[in-house]
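So the structure is just underneath, and the comments pick up after that.
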Amino acid sequence: MRPCDICPGGAACAGLNLAPILVRVFDLHAAGKTDKFEILFALDEDEEEMLETYTANVKRACWTRAALSAIAEVLVRREAEVSAGADWREIVEDTLASAKAAYENFPWHLPDLVEQAQDLHAQVLERVAGDDFGGAIPKRLFAKICKATVYGYLKE
């Protein structure tokens, strides 16, 4: 994922540090918490501290990196569903549509989901345990699903 122009890198990168919070936001949204204040109040003290620490002078590119990293994490976590008979394409479509809704109140750049689709695909591919993802979702198809999500061709 692309860092911002002033990224300090490593452990100080806001995008990398905000990603676990966005995974939590994704989970809260999936559990039915859709109001941004309801989500904010559901965060624990450590998560609130991370938000305070890493949102000072944060750029849109940082939020985008965090969102894309969070999406990769969610996709990797859902790999077990494939073992249980789920279809990777449905999982990817559902995850991207859910992320779009969950992160709508955050200043990430949604079109970067298309621009950075190959990077996101590579990140998921290197982190999943099995070989099913790459076979079921090649880069080109993944990019098409990302484009469809951004421009509204898929379920909302």
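Identifiers in the structure tokens: chain A, B, ... in order shown; residue index from 1 per chain; ligand index from 1 in order shown.
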Give me the residues near Asp119 in chain A as a PyMOL selection string, where near means some atom within 9 Å (using only C-alpha atoms) and where sequence neighbours in that chain fewer than 4 positions away do not count. chain A and resi 1-2+115+123-124
Range 41-147 of chain A residues near range 15-37 of chain A within 6 Å, closest pair each, using only C-alpha atoms, as a tab-separated table:
```
residue	atom	partner	partner_atom	distance
A:Cys62	CA	A:Gly15	CA	4.3
A:Trp63	CA	A:Gly15	CA	5.8
A:Arg65	CA	A:Gly15	CA	5.1
A:Ala66	CA	A:Ala19	CA	4.1
A:Ser69	CA	A:Ala19	CA	5.9
A:Ala70	CA	A:Ala19	CA	5.0
A:Ala102	CA	A:Phe26	CA	5.6
```
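If you measure from each of A:Asp131, A:Leu113, A:Pro3, A:Leu43 to Ala97 in chain A using only C-alpha atoms, the closest one turns out to be A:Leu113.
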From the set A:Asn105, A:Gln116, A:Thr95, A:Thr149, which residue has the shortest atom-to-atom contact distance to Arg77 in chain A, counting only C-alpha atoms?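 Using only C-alpha atoms, the shortest distance to Arg77 in chain A belongs to A:Thr95.
For the pair CA of Glu93 in chain A and CA of Phe106 in chain A, the interatomic distance is 20.3 Å.
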Would you kindly return, as a list of chain:residue names, each protein, DNA or RNA residue with an atom no farther than 10 Å from any atom of Val82 in chain A, considering only C-alpha atoms and excluding same-chain residues fewer than 2 positions away?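 The residues that qualify are A:Arg78, A:Glu79, A:Ala80, A:Ala84, A:Gly85, A:Ala86, A:Asp87, A:Trp88, A:Ile91, A:Gly130, A:Asp132, A:Phe133.
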